[in-house]
Each structure stands twice: as C-alpha cells, then as structure tokens.
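Data from start-v4.txt: compact mmCIF, C-alpha atoms and all ligand atoms
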# COMPACT_ATOMS: atom_id res chain seq x y z
CA MET A 1 100.94 90.02 118.90
CA ASN A 2 103.33 88.61 116.32
CA ARG A 3 106.54 89.92 114.76
CA VAL A 4 104.67 92.02 112.20
CA THR A 5 102.36 93.77 114.67
CA LYS A 6 105.33 94.35 117.01
CA LEU A 7 107.58 95.79 114.29
CA LEU A 8 104.81 98.00 112.92
CA ASN A 9 103.46 98.90 116.35
CA ILE A 10 99.84 98.12 115.41
CA PRO A 11 97.22 95.85 117.03
CA TYR A 12 96.05 94.02 113.87
CA PRO A 13 98.24 92.42 111.17
CA ILE A 14 96.48 94.26 108.33
CA ILE A 15 98.28 96.68 106.02
CA GLN A 16 96.56 98.87 103.47
CA GLY A 17 98.82 98.66 100.42
CA GLY A 18 100.02 101.93 98.90
CA MET A 19 97.99 102.98 95.85
CA GLY A 20 100.15 105.34 93.87
CA ASN A 21 98.75 108.86 93.36
CA ILE A 22 95.33 107.99 94.75
CA SER A 23 95.41 106.53 98.29
CA ASN A 24 95.22 109.71 100.29
CA ALA A 25 95.23 110.87 103.90
CA LYS A 26 91.61 109.96 104.66
CA LEU A 27 92.00 106.27 103.76
CA ALA A 28 95.46 105.85 105.31
CA ALA A 29 94.34 107.50 108.56
CA ALA A 30 91.11 105.45 108.69
CA VAL A 31 93.06 102.19 108.37
CA SER A 32 95.57 103.20 111.05
CA GLU A 33 92.76 104.38 113.34
CA ALA A 34 91.02 101.00 112.82
CA GLY A 35 94.10 99.15 114.10
CA GLY A 36 95.85 98.34 110.82
CA LEU A 37 98.59 100.22 109.02
CA GLY A 38 97.51 102.86 106.51
CA THR A 39 99.83 103.74 103.64
CA ILE A 40 100.25 106.82 101.47
CA GLY A 41 101.02 105.71 97.90
CA CYS A 42 103.49 108.23 96.48
CA GLY A 43 103.20 107.04 92.86
CA THR A 44 104.63 109.79 90.66
CA MET A 45 103.62 112.64 92.99
CA SER A 46 106.08 115.46 93.69
CA GLY A 47 107.65 115.92 97.10
CA GLU A 48 105.39 118.92 97.75
CA GLN A 49 102.23 116.92 96.99
CA VAL A 50 103.33 114.02 99.19
CA GLU A 51 104.33 116.38 102.02
CA ARG A 52 100.83 117.89 101.98
CA ILE A 53 99.27 114.41 102.30
CA ILE A 54 101.68 113.46 105.12
CA LEU A 55 100.62 116.56 107.07
CA GLN A 56 96.92 115.88 106.41
CA THR A 57 97.35 112.28 107.60
CA LYS A 58 99.09 113.47 110.77
CA ASP A 59 96.14 115.78 111.42
CA LEU A 60 93.78 112.78 111.21
CA THR A 61 95.73 110.20 113.21
CA SER A 62 98.52 109.97 115.73
CA LYS A 63 98.89 106.24 114.98
CA PRO A 64 101.67 104.82 112.79
CA PHE A 65 101.28 104.91 109.02
CA ALA A 66 103.56 104.12 106.08
CA LEU A 67 104.83 105.73 102.91
CA ASN A 68 105.02 103.55 99.79
CA ILE A 69 107.71 104.48 97.31
CA ALA A 70 107.61 102.64 93.97
CA ILE A 71 111.27 102.90 93.07
CA ASN A 72 111.14 102.63 89.28
CA VAL A 73 107.88 104.57 89.05
CA SER A 74 108.68 107.68 91.09
CA PRO A 75 110.98 110.33 89.62
CA HIS A 76 111.54 111.68 93.18
CA VAL A 77 112.77 108.70 95.24
CA GLU A 78 115.56 110.54 97.13
CA GLN A 79 113.28 113.47 97.94
CA LEU A 80 110.60 111.10 99.26
CA ILE A 81 113.13 109.30 101.47
CA ASP A 82 114.19 112.70 102.87
CA LEU A 83 110.53 113.55 103.54
CA ALA A 84 109.97 110.25 105.37
CA ILE A 85 112.94 111.09 107.60
CA LYS A 86 111.94 114.75 108.08
CA HIS A 87 108.37 113.84 109.10
CA ASP A 88 109.37 110.81 111.15
CA ILE A 89 107.24 108.32 109.20
CA PRO A 90 107.91 105.03 111.01
CA VAL A 91 107.39 102.58 108.12
CA ILE A 92 108.51 102.78 104.49
CA SER A 93 107.43 100.24 101.88
CA LEU A 94 109.62 99.94 98.81
CA SER A 95 108.26 98.35 95.64
CA ALA A 96 108.86 98.15 91.87
CA GLY A 97 112.64 98.13 92.00
CA ASN A 98 115.74 97.24 94.00
CA PRO A 99 115.32 98.41 97.63
CA ALA A 100 118.97 97.74 98.60
CA PRO A 101 120.44 101.23 98.03
CA PHE A 102 117.81 102.89 100.23
CA ILE A 103 117.67 100.56 103.24
CA PRO A 104 120.85 101.70 105.09
CA VAL A 105 119.81 105.36 105.31
CA LEU A 106 116.28 104.39 106.38
CA HIS A 107 117.70 102.14 109.10
CA GLU A 108 120.07 104.88 110.26
CA HIS A 109 116.92 106.87 111.03
CA GLY A 110 115.13 104.00 112.75
CA LYS A 111 112.64 103.20 109.99
CA VAL A 112 111.02 99.80 109.49
CA VAL A 113 111.45 98.80 105.84
CA LEU A 114 108.97 96.63 103.94
CA ALA A 115 110.08 95.22 100.59
CA ILE A 116 107.41 94.09 98.13
CA VAL A 117 108.53 90.96 96.25
CA ALA A 118 107.02 88.40 93.88
CA SER A 119 109.59 85.58 94.02
CA VAL A 120 111.74 83.71 96.53
CA LYS A 121 114.87 85.06 94.81
CA HIS A 122 113.85 88.67 95.38
CA ALA A 123 112.69 87.91 98.94
CA LEU A 124 116.14 86.52 99.76
CA LYS A 125 117.81 89.54 98.14
CA ALA A 126 115.61 91.94 100.12
CA GLU A 127 116.42 90.06 103.33
CA GLU A 128 120.13 90.20 102.57
CA ALA A 129 119.83 93.95 101.91
CA GLY A 130 118.34 94.39 105.39
CA ALA A 131 114.58 94.63 104.80
CA ASP A 132 112.66 94.11 108.04
CA ILE A 133 109.57 92.51 106.45
CA VAL A 134 108.92 91.06 102.99
CA VAL A 135 105.51 91.49 101.45
CA ALA A 136 105.02 88.53 99.09
CA GLU A 137 102.61 89.72 96.43
CA GLY A 138 100.86 87.16 94.24
CA TYR A 139 99.65 87.48 90.69
CA GLU A 140 96.02 87.95 91.68
CA ALA A 141 96.85 91.42 93.03
CA ALA A 142 95.73 94.72 91.54
CA GLY A 143 97.93 97.10 89.63
CA ILE A 144 101.50 96.62 88.44
CA ASN A 145 102.32 92.93 88.65
CA SER A 146 105.31 90.66 88.27
CA PRO A 147 106.04 88.64 85.12
CA TYR A 148 106.73 85.62 87.37
CA GLU A 149 102.97 85.06 87.71
CA LEU A 150 103.21 83.17 91.03
CA THR A 151 99.94 83.14 92.92
CA THR A 152 99.70 84.15 96.57
CA PHE A 153 98.80 80.60 97.60
CA THR A 154 102.07 79.23 96.21
CA LEU A 155 104.35 82.24 96.67
CA VAL A 156 103.74 82.92 100.38
CA PRO A 157 104.68 79.48 101.78
CA GLN A 158 107.74 79.28 99.51
CA VAL A 159 108.96 82.67 100.72
CA ALA A 160 108.10 81.86 104.35
CA GLN A 161 110.15 78.66 104.09
CA LYS A 162 113.24 80.48 102.89
CA VAL A 163 113.48 83.81 104.74
CA LYS A 164 113.95 84.40 108.45
CA ILE A 165 112.32 87.83 108.50
CA PRO A 166 108.51 88.02 108.77
CA VAL A 167 106.39 87.63 105.66
CA VAL A 168 103.20 89.52 104.80
CA ALA A 169 100.86 88.09 102.14
CA ALA A 170 99.46 90.39 99.45
CA GLY A 171 97.13 89.66 96.57
CA GLY A 172 93.67 88.16 96.83
CA VAL A 173 92.89 88.88 100.47
CA GLY A 174 89.46 90.43 100.93
CA ASP A 175 88.04 89.10 104.18
CA GLY A 176 88.80 87.25 107.38
CA ASN A 177 88.94 83.90 105.60
CA GLY A 178 91.76 85.26 103.47
CA LEU A 179 93.55 86.61 106.53
CA ALA A 180 93.29 83.24 108.31
CA ALA A 181 94.47 81.42 105.16
CA ALA A 182 97.48 83.75 104.82
CA LEU A 183 98.45 83.09 108.44
CA MET A 184 98.13 79.34 107.81
CA LEU A 185 100.45 79.67 104.82
CA GLY A 186 103.16 81.10 107.05
CA ALA A 187 102.52 84.83 106.70
CA GLU A 188 102.31 87.03 109.79
CA GLY A 189 100.03 89.60 108.21
CA VAL A 190 98.27 90.68 105.04
CA GLN A 191 98.51 93.65 102.71
CA ILE A 192 95.27 94.62 100.99
CA GLY A 193 94.56 96.96 98.09
CA THR A 194 91.38 96.18 96.17
CA ARG A 195 89.10 95.51 99.16
CA PHE A 196 89.96 98.86 100.73
CA ILE A 197 88.79 100.70 97.59
CA ALA A 198 85.20 99.64 98.30
CA THR A 199 85.04 101.33 101.69
CA LYS A 200 83.27 104.49 102.79
CA GLU A 201 86.50 106.39 103.46
CA ALA A 202 88.30 105.50 100.22
CA PRO A 203 88.66 108.72 98.21
CA PHE A 204 87.79 107.11 94.87
CA HIS A 205 84.98 107.90 92.46
CA ASN A 206 81.69 106.14 93.21
CA SER A 207 81.74 104.47 89.80
CA TYR A 208 84.98 102.67 90.83
CA LYS A 209 83.24 101.27 93.92
CA GLU A 210 80.13 100.36 91.90
CA GLN A 211 82.22 98.57 89.26
CA LEU A 212 83.86 96.54 92.03
CA LEU A 213 80.47 95.59 93.48
CA GLU A 214 79.37 94.35 90.06
CA ALA A 215 82.62 92.63 89.09
CA SER A 216 83.39 88.93 89.28
CA GLY A 217 86.91 87.58 89.62
CA THR A 218 87.24 87.12 85.86
CA ASP A 219 86.64 90.84 85.29
CA ALA A 220 90.08 91.64 86.77
CA VAL A 221 92.22 91.07 83.70
CA ILE A 222 95.89 91.32 82.83
CA ILE A 223 97.13 93.84 80.27
CA GLY A 224 100.67 94.39 79.01
CA ARG A 225 101.84 90.77 79.16
CA SER A 226 103.17 90.91 75.57
CA LEU A 227 105.30 93.92 76.54
CA GLY A 228 106.48 92.68 79.94
CA ARG A 229 104.57 95.55 81.62
CA ILE A 230 101.97 93.57 83.47
CA ARG A 231 99.05 95.26 85.20
CA ARG A 232 95.79 93.88 86.59
CA VAL A 233 92.76 96.08 85.89
CA LEU A 234 89.00 95.91 85.55
CA ASN A 235 87.87 94.94 82.06
CA THR A 236 86.26 98.28 81.12
CA THR A 237 85.69 99.67 77.62
CA TYR A 238 88.94 101.66 77.85
CA VAL A 239 90.84 98.51 78.84
CA GLN A 240 89.28 96.59 75.92
CA GLU A 241 90.68 99.29 73.63
CA ILE A 242 94.13 98.81 75.18
CA VAL A 243 93.83 95.03 74.69
CA GLU A 244 92.99 95.62 70.99
CA GLN A 245 96.01 97.91 70.62
CA GLU A 246 98.21 95.30 72.30
CA LYS A 247 96.98 92.69 69.81
CA ASN A 248 97.86 95.09 67.02
CA GLY A 249 101.43 95.42 68.31
CA VAL A 250 101.32 98.72 70.22
CA SER A 251 104.81 100.01 71.11
CA LEU A 252 106.05 100.00 74.70
CA GLN A 253 106.11 103.79 74.63
CA ASP A 254 102.48 104.07 73.51
CA PHE A 255 101.38 101.39 76.00
CA GLY A 256 103.14 103.45 78.68
CA LYS A 257 101.13 106.51 77.63
CA LEU A 258 97.81 104.59 77.64
CA THR A 259 98.46 103.26 81.15
CA SER A 260 100.09 106.39 82.57
CA GLU A 261 99.18 107.82 85.97
CA LYS A 262 97.11 110.45 84.14
CA HIS A 263 94.74 107.71 82.90
CA HIS A 264 94.85 106.00 86.33
CA VAL A 265 93.69 109.19 88.07
CA LEU A 266 91.06 109.82 85.35
CA GLY A 267 89.50 106.42 86.02
CA ALA A 268 89.92 106.11 89.78
CA ILE A 269 89.27 109.67 90.93
CA LYS A 270 87.37 111.35 88.10
CA GLY A 271 85.27 108.31 87.20
CA ASP A 272 86.00 108.80 83.49
CA LEU A 273 85.80 105.23 82.24
CA ARG A 274 86.19 106.22 78.57
CA GLN A 275 89.71 107.52 79.15
CA GLY A 276 90.68 106.10 82.51
CA PHE A 277 91.38 102.62 83.89
CA LEU A 278 90.71 101.00 87.26
CA ASN A 279 93.29 98.79 88.96
CA SER A 280 91.68 95.74 90.53
CA GLY A 281 92.67 92.35 91.89
CA GLN A 282 90.83 89.09 91.29
CA VAL A 283 89.38 89.47 94.79
CA ALA A 284 86.89 91.92 93.21
CA GLY A 285 84.47 88.96 92.97
CA LEU A 286 84.37 88.84 96.77
CA ILE A 287 83.22 92.44 97.21
CA HIS A 288 79.50 92.84 97.85
CA ASP A 289 79.23 95.89 100.10
CA ILE A 290 80.83 99.20 101.00
CA PRO A 291 81.51 99.15 104.74
CA SER A 292 83.50 101.69 106.74
CA VAL A 293 87.17 100.79 107.14
CA LYS A 294 86.57 100.11 110.84
CA GLU A 295 83.68 97.72 110.08
CA LEU A 296 85.77 95.90 107.48
CA VAL A 297 88.85 95.53 109.70
CA GLU A 298 86.82 94.39 112.70
CA ASP A 299 84.87 91.88 110.62
CA MET A 300 88.12 90.52 109.17
CA MET A 301 89.63 90.03 112.62
CA LYS A 302 86.45 88.37 113.98
CA THR A 303 86.08 86.01 111.00
CA ALA A 304 89.79 85.13 111.02
CA ASN A 305 89.67 84.35 114.74
CA ASN A 306 86.64 82.09 114.21
CA ARG A 307 88.29 80.34 111.27
CA MET A 308 91.43 79.68 113.29
CA LYS A 309 89.33 78.27 116.17
CA ILE A 310 87.49 75.95 113.75
CA GLY A 311 90.87 74.93 112.32
CA ALA A 312 92.18 74.11 115.79
CA THR A 313 89.03 72.09 116.61
CA LEU A 314 89.27 70.14 113.35
CA LEU A 315 92.92 69.41 114.01
CA ALA A 316 92.11 68.17 117.51
CA LEU A 317 89.37 65.89 116.07
CA VAL A 318 91.73 64.46 113.44
CA THR A 319 94.43 63.91 116.06
CA GLN A 320 91.92 62.09 118.32
CA THR A 321 90.71 59.76 115.55
CA ASN A 322 94.29 58.88 114.62
C1 LIG B 1 94.51 101.29 92.80
C2 LIG B 1 95.75 100.56 93.20
C3 LIG B 1 96.99 101.17 93.07
C4 LIG B 1 98.15 100.52 93.49
N1 LIG B 1 99.36 101.18 93.44
C5 LIG B 1 100.45 100.63 94.00
C6 LIG B 1 101.66 101.37 94.16
O1 LIG B 1 101.76 102.54 93.78
N2 LIG B 1 102.71 100.77 94.76
C7 LIG B 1 102.64 99.47 95.21
O2 LIG B 1 103.64 98.96 95.76
N3 LIG B 1 101.52 98.74 95.08
C8 LIG B 1 100.42 99.30 94.52
N4 LIG B 1 99.24 98.59 94.47
C9 LIG B 1 99.19 97.23 95.05
C10 LIG B 1 98.69 97.28 96.52
O3 LIG B 1 99.53 98.03 97.33
C11 LIG B 1 98.55 95.87 97.12
O4 LIG B 1 99.78 95.24 97.31
C12 LIG B 1 97.68 94.97 96.24
O5 LIG B 1 96.54 95.67 95.83
C13 LIG B 1 97.27 93.72 97.01
O6 LIG B 1 96.44 92.90 96.23
P1 LIG B 1 94.81 92.99 96.24
O7 LIG B 1 94.49 94.11 95.32
O8 LIG B 1 94.39 91.67 95.74
O9 LIG B 1 94.40 93.27 97.65
C14 LIG B 1 98.07 99.22 94.03
C15 LIG B 1 96.81 98.60 94.14
C16 LIG B 1 95.67 99.27 93.75
C17 LIG B 1 94.34 98.60 93.93
Would you mind writing the file's structure down as structure tokens?
Ligand SMILES: Cc1cc2nc3c(=O)[nH]c(=O)nc-3n(C[C@H](O)[C@H](O)[C@H](O)COP(=O)(O)O)c2cc1C
Amino acid sequence: MNRVTKLLNIPYPIIQGGMGNISNAKLAAAVSEAGGLGTIGCGTMSGEQVERIILQTKDLTSKPFALNIAINVSPHVEQLIDLAIKHDIPVISLSAGNPAPFIPVLHEHGKVVLAIVASVKHALKAEEAGADIVVAEGYEAAGINSPYELTTFTLVPQVAQKVKIPVVAAGGVGDGNGLAAALMLGAEGVQIGTRFIATKEAPFHNSYKEQLLEASGTDAVIIGRSLGRIRRVLNTTYVQEIVEQEKNGVSLQDFGKLTSEKHHVLGAIKGDLRQGFLNSGQVAGLIHDIPSVKELVEDMMKTANNRMKIGATLLALVTQTN
C-alpha cells in the first residue's frame, strides 16, 4: 500500500486515464475489477449520457471508479460535478483547465480529487487549491497535450521534488517496466491511456487496436503545434490531411472542426479512418498483443515487482563493492 492506493481505495497503483466520449462502462469496470481504478471520460457528453454510463458501470462493479471532467472541453462541468455527488463517485479527475473552483465542493462531499498537470507550476497551483493527487502527464501521452512539451521522465521527478501530495505518472507507461520506472522517479502510481485501448474489453473499433499493434513510437505524431492546440494521434491518412492543412495555415476554428469529438468518435468507435482520427501515445510501439484488462494489470504488477527486486539486488551489489 502507498498513499495513492490508500486514497483511491484500490490494491494496485494503476489508473486508467479518462478517454473523453469513448471510455465507457465496460472498460472502466474491467480496470476497477482488475484492481486498478477505471475512469469514465466525460468529454463533451451531456449529463444524461454520462449518467447512463455511471449506472452501467455500477451494474458491472461495486469497486471504486472515477469520473474525468475536462474542464475547458466539457460544456456541462457543473452538471457533471452534481452527478458525481448524486451517484457518490469517490474519485474525480480534473483536466484541461483550472481545477481550483471545483475542489471545495468536491471535498465537502468527501471526494478524492486528481488534478492532471504538465508542469511544476501547475502542480504547485493544484496542490495549493487542495487537490489530493497530481497526475503529472508527459508529452509522450495520447490526446490533448501541453505546449510545455516536458517528457514524463523529466516532469515526474521535478513535480515529486516540489509537491507534498502524491504524484501519479502519466504518458508512456505501457508495461511493468514503465510502472517500476515511474515509482523510481518518485511517483506513487501510473495513469495509462493508450495501452488500455489494446485490450479485449476496450469498446473501440478493431481497426484502432490493429493500428496500435502495427504502430511504432514514431507513428504517434503531434498535430496543432502551430496553433497551440497540441494533440498526439496516430499518423493516419486523415491526420496527414490535417498536417497539410496546418502547413497551409488552417484557422484555429477550422482546426477545431477537423479535430472535434465527432471526428474522434468516427475514428475510435466507428473505425472510419478517412474521416476520423485516433489518439495515441508514443508507447504505441510497445504494444504487441491484445490481452484482457486483468491479464495486462497482473502482468504489469508481476513485472514491476521483479524489476524492483532486481533494482534492490543491484543496489546491494554496488553498495558491497564500494
Ligand atoms: C483516446 C484517448 C482519449 C483521451 N481523452 C482524455 C480526456 O478526455 N481527458 C483527459 O484528461 N485525458 C484524456 N486522455 C489522456 C489519458 O487519460 C492519459 O492521461 C494518457 O493517455 C496517458 O498517456 P499514454 O497514452 O501514454 O498512456 C485520452 C487518451 C486517449 C488515448
């Protein structure tokens, strides 16, 4: 047990990151049942849609799960906070915006609040605002990304040095080696997006999973840098068209339309790769199979434990020779 597993009331320090509009009840429940923390990604969904998924998740698991609210993405933030309170969701993760205004009411109702950050400055601000855990997300992560471009390997130890609250590492973790490395960097858990897409329970189109199996790390590219709207996606034909449009000076408004949730759902759920895009982190190059969530989580824990034992043995050897 560490502070993260205690706060989240879960056996393993593994969080499935919210995936707006597409990470549904089946995936969230499977992760929670496997000993991690599943998350419903609210994205731009209405309160009614999210409420339906909350009820479905509760039918599938009695274990804790989280709701992710992307503050500047969702048009329904207040309604979603009310839903979290009404349905007694124990953990709320707040991303893509300032979490401070929402933390007091969540604490009044006993919620654990995770704040997703990409810099030390924002980690300190989230801590000051009362967040219980900061999730430090590096630039290798899938989906909407920070213009700071700090990688997980550099961001996590810097954040861990500065804040007193527990840190969770996100971005680039795909197996037990990554989990062990994150713990060594000072994190007390990991948040994973991309690797959970290539699992049996993930509700995504098969072509998404197949593309991930085929991808190497360099296939997870950044779009929107010239507009300050950074997103990491697989380099599909549709994405190449967006890159061309960006080169030709596409407006922010048109870029927003091309990368809207409609096109996200078309790619991820409908498998329409001519009109839809697929969020992916650089960890795609590490994905070679489609296990069940339980198999993946158990393998991660076993590998991480072995890695940490090897680390301890090596340290003992070095200490002896000195
Ligand atoms: C398909 C997809 C959608 C995502 N949507 C969101 C979101 O709505 N809100 C959010 O905070 N993070 C979102 N993320 C980021 C994940 O929650 C997680 O932090 C990230 O994927 C971790 O990096 P990794 O992909 O290298 O594992 C998304 C990731 C993916 C793969």
Handout entry: Distance of CA of Thr39 in chain A from CA of Leu55 in chain A, expressed in Å to one decimal place
Key = 13.3 Å
Problem - Pick from A:Arg195, A:His205, A:Arg231, A:Lys257 nearest to ligand LIG 1 (chain B), counting all atoms listed in the file - result: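 Of the candidates, the smallest distance to ligand LIG 1 (chain B) is held by A:Arg195.
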Exercise for the section: Could you check which of A:Leu37, A:Leu8, A:Val105, A:Ile14 is closest to Met301 in chain A, using only C-alpha atoms? Expected result: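 For Met301 in chain A, the nearest of the given residues is A:Ile14.
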Problem - Within 9 Å of Arg3 in chain A using all atoms listed in the file, minus same-chain residues under 6 positions, as a ChimeraX atom specification - result: /A:165-166,188
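For the pair CA of Glu137 in chain A and CA of Gly271 in chain A, the separation is 27.0 Å.
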Practice task
Tell me which protein, DNA and RNA residues are within 12 Å of Lys200 in chain A, counting only C-alpha atoms, leaving out same-chain ones fewer than 5 positions away, and put them as a list in words.
Solution key: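 Surrounding residues, per the criterion: Lys26, Leu27, Ala30, Val31, Arg195, His205, Asn206, Lys209, Asp289, Ile290, Pro291, Ser292, Val293, Lys294, Glu295 and Leu296 of chain A.
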Give me a file of those residues, with C-alpha atoms, as an mmCIF file, in the frame of the given file.
data_model
loop_
_atom_site.group_PDB
_atom_site.id
_atom_site.type_symbol
_atom_site.label_atom_id
_atom_site.label_comp_id
_atom_site.auth_asym_id
_atom_site.auth_seq_id
_atom_site.Cartn_x
_atom_site.Cartn_y
_atom_site.Cartn_z
ATOM 1 C CA LYS A 26 91.610 109.960 104.660
ATOM 2 C CA LEU A 27 92.000 106.270 103.760
ATOM 3 C CA ALA A 30 91.110 105.450 108.690
ATOM 4 C CA VAL A 31 93.060 102.190 108.370
ATOM 5 C CA ARG A 195 89.100 95.510 99.160
ATOM 6 C CA HIS A 205 84.980 107.900 92.460
ATOM 7 C CA ASN A 206 81.690 106.140 93.210
ATOM 8 C CA LYS A 209 83.240 101.270 93.920
ATOM 9 C CA ASP A 289 79.230 95.890 100.100
ATOM 10 C CA ILE A 290 80.830 99.200 101.000
ATOM 11 C CA PRO A 291 81.510 99.150 104.740
ATOM 12 C CA SER A 292 83.500 101.690 106.740
ATOM 13 C CA VAL A 293 87.170 100.790 107.140
ATOM 14 C CA LYS A 294 86.570 100.110 110.840
ATOM 15 C CA GLU A 295 83.680 97.720 110.080
ATOM 16 C CA LEU A 296 85.770 95.900 107.480
#
Handout entry: Within 10 Å of Pro157 in chain A using all atoms listed in the file, minus same-chain residues under 6 positions, as an MDAnalysis selection string
Key = chainID A and resid 120 136 167 169 182:187
Exercise for the section: To one decimal in Å, tell me the separation between CA of Leu83 in chain A and atom C14 of ligand LIG 1 (chain B). Expected result: 21.2 Å
